[in-house]
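Okay, so here's the structure we're looking at.
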Amino acid sequence: FGSRTAVFLVGGSSVASTEASMQDFSPLASWQWYAAVDGQQYIFWTCISLNVCFVFSAVILFLGVEAPYGRYNQAESKDKSNVIMRVLSSIDVPAKAAWIIQECPTLLWAAWCFVFADPACRASWGNCLVLLCFVAHYVNRTIIYPLRTRGSKPIPMPVMLMAFAFCFLNGYIQCCSLMRYLSVQAGNLTTVVGIALWATGLYLNLDSDRILRNLRGSGETGYKIPYGGLFEYVSGANFCAEILEWTGFAIATGFSIAGVTFAFCTFCNIGPRAVSHHRWYLQKFENYPKHRKALIPLIW
């Protein structure tokens, strides 16, 4: 890898060598990293493994099995659940602590990979902007969001550990790709469009969190119908926004295997949850707006 980097940094003395090196750093070339060595190959097979695992997870969740956290982690729900769900729900972790613990690997990987980055990647505005998108989301999700939640249900320890494992692996593939193996050009159309979509998703995500947070007064723990923002169109407004966010991120990375994996896994994980929430709202509230969809406005 070091020799490739040296060629990549040459100014204009060898156009042919520089073009060859740029090809090595091309985001689309990441789909061929199965034939690479060391870090690139690790990232490729980690991506493939995550995609396979989340396909199975999505199938199970779409069949009606509800991940036992949040509104589905209540005593009456545990008593009615099957053996597997009761085991998963047996040890609860306070929500604030669980969110901080499970999400923190992303920020640790971002810091580590930036400090030990390839000089060419760290000098690229495109690479740094896309990494900043990743960090901005997880500063909110790891620190700000947990500290501002009200009355959140505890999270079962196995669920927290699974989320921790995903954040650890995903933090590795995203940050390592951006800071060692990819060349993202800030002026490329995919970068500009992708960051714009990411920013739109982030805004809608934060707005949805605000609406949900303000549904509860001090000391309240019950559930109410959310109104406003994206909730006027879908039950899973925060899930829709987050999928949009990471779809934009994948585009901004130039459709790299790591970026696409993140977007795909996000859909497989929270897409079914949006469907479960929609079904739950319809069953719990007789006056729930019938025009709302589950995840995609006006469609699904």
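Chain labels follow the order of the structure tokens: the first chain is A, the next B, and so on; residue numbering restarts at 1 in every chain, and ligands are counted from 1 in their shown order.
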* **helix (DSSP H, G or I) per DSSP on the backbone: members of region 112-288 of chain A, as a PyMOL selection string** => chain A and resi 112-115+119-122+125-148+157-181+189-213+229-232+237-252+257-284
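Once region 113-117 of chain A and its same-chain neighbours fewer than 6 positions away are set aside, Leu107, Ala123, Cys128, Leu131, Gly171, Tyr172, Gln174, Cys175, Cys176, Ser177, Leu178, Met179, Arg180 and Tyr181 of chain A remain within 10 Å of it when counting only C-alpha atoms.
Straight-line separation from CA of Ile60 (chain A) to CA of Cys265 (chain A): 14.0 Å.
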* To do: Might you pull out every residue within 10 Å of Thr266 (chain A), with only C-alpha atoms counted and same-chain residues fewer than 2 positions away left off, and present them as a ChimeraX atom specification?
  => /A:54,239,242-247,260-264,268-271
Would you kindly return, as a short mmCIF file (atom, residue, chain, number, x, y, z; two decimals) with N, CA and C atoms, in the first residue's frame, each protein, DNA or RNA residue with an atom no farther than 8 Å from any atom of Arg213 (chain A), considering only C-alpha atoms and excluding same-chain residues fewer than 4 positions away?
```cif
data_model
loop_
_atom_site.label_atom_id
_atom_site.label_comp_id
_atom_site.auth_asym_id
_atom_site.auth_seq_id
_atom_site.Cartn_x
_atom_site.Cartn_y
_atom_site.Cartn_z
N ARG A 148 -30.47 13.67 26.00
CA ARG A 148 -31.70 14.45 25.88
C ARG A 148 -32.97 13.60 25.90
N THR A 149 -32.83 12.28 25.90
CA THR A 149 -34.01 11.41 25.89
C THR A 149 -34.78 11.52 27.20
N ARG A 150 -36.08 11.28 27.12
CA ARG A 150 -36.95 11.34 28.30
C ARG A 150 -37.76 10.05 28.39
N ASP A 209 -36.64 13.34 16.01
CA ASP A 209 -36.26 13.10 17.41
C ASP A 209 -36.84 14.18 18.32
#
```
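Note that DSSP on the backbone gives strand (DSSP E) to these residues of region 66-238 of chain A: A:Asp92, A:Val93, A:Ile155, A:Pro156.
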I need the chosen residues saved as a PDB file, in the first residue's frame, with C-alpha atoms.
```
ATOM      1  CA  ASP A  92     -31.779  -4.556  30.859  1.00  0.00           C
ATOM      2  CA  VAL A  93     -29.353  -1.638  30.597  1.00  0.00           C
ATOM      3  CA  ILE A 155     -32.350  -1.771  26.383  1.00  0.00           C
ATOM      4  CA  PRO A 156     -31.690  -5.504  26.837  1.00  0.00           C
TER       5      PRO A 156
END
```
* To do: Considering only C-alpha atoms, return as a PyMOL selection string whatever protein or nucleic-acid residues lie within 7 Å of Gly194 (chain A), sequence-local ones (same chain, fewer than 2 positions apart) excluded.
  => chain A and resi 190-192+196-198+248-249+251-252
Would you write out those residues with C-alpha atoms, as a PDB file, in the first residue's frame?
```
ATOM      1  CA  THR A 190     -21.950  12.175  -6.490  1.00  0.00           C
ATOM      2  CA  THR A 191     -20.211  13.884  -3.568  1.00  0.00           C
ATOM      3  CA  VAL A 192     -22.285  17.068  -3.791  1.00  0.00           C
ATOM      4  CA  ALA A 196     -27.027  17.245   0.191  1.00  0.00           C
ATOM      5  CA  LEU A 197     -29.184  14.132   0.678  1.00  0.00           C
ATOM      6  CA  TRP A 198     -27.279  13.263   3.840  1.00  0.00           C
ATOM      7  CA  GLY A 248     -26.879  10.060   0.705  1.00  0.00           C
ATOM      8  CA  PHE A 249     -23.723   8.998   2.513  1.00  0.00           C
ATOM      9  CA  ILE A 251     -23.710   8.235  -2.837  1.00  0.00           C
ATOM     10  CA  ALA A 252     -21.194  10.704  -1.392  1.00  0.00           C
TER      11      ALA A 252
END
```
Would you write out, as a Markdown table, a table of all residues in region 167-274 of chain A that have an atom no more than 10 Å from an atom of region 286-289 of chain A, listing for each the closest atom pair and the distance in Å to one decimal, considering only C-alpha atoms and ordering rows by chain and rising residue number?
```
| residue | atom | partner | partner_atom | distance |
| --- | --- | --- | --- | --- |
| A:Lys224 | CA | A:Tyr288 | CA | 10.0 |
| A:Ile225 | CA | A:Tyr288 | CA | 7.2 |
| A:Pro226 | CA | A:Tyr288 | CA | 9.7 |
| A:Tyr227 | CA | A:Pro289 | CA | 9.7 |
| A:Glu232 | CA | A:Pro289 | CA | 8.6 |
| A:Tyr233 | CA | A:Pro289 | CA | 9.3 |
| A:Val234 | CA | A:Pro289 | CA | 9.7 |
| A:Ser235 | CA | A:Pro289 | CA | 9.5 |
```
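The spacing separating CA of Leu204 (chain A) from CA of Ala294 (chain A) amounts to 15.8 Å.
What separates CA of Pro146 (chain A) from CA of Met160 (chain A) is a distance of 13.5 Å.
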* To do: Would you mind telling me which residue in A:Thr142, A:Thr200, A:Gln41, A:Ser183 lies nearest to Pro119 (chain A) when using only C-alpha atoms?
  => A:Ser183
* For Ser30 (chain A), which of A:Trp125, A:Phe56, A:Phe168, A:Phe255 is the closest residue, counting only C-alpha atoms? -> A:Phe255
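Nearest-residue note for Gln32 (chain A): choosing from A:Ala199, A:Val55, A:Ile48, A:Ile296, the minimum distance belongs to A:Ile48, counting only C-alpha atoms.
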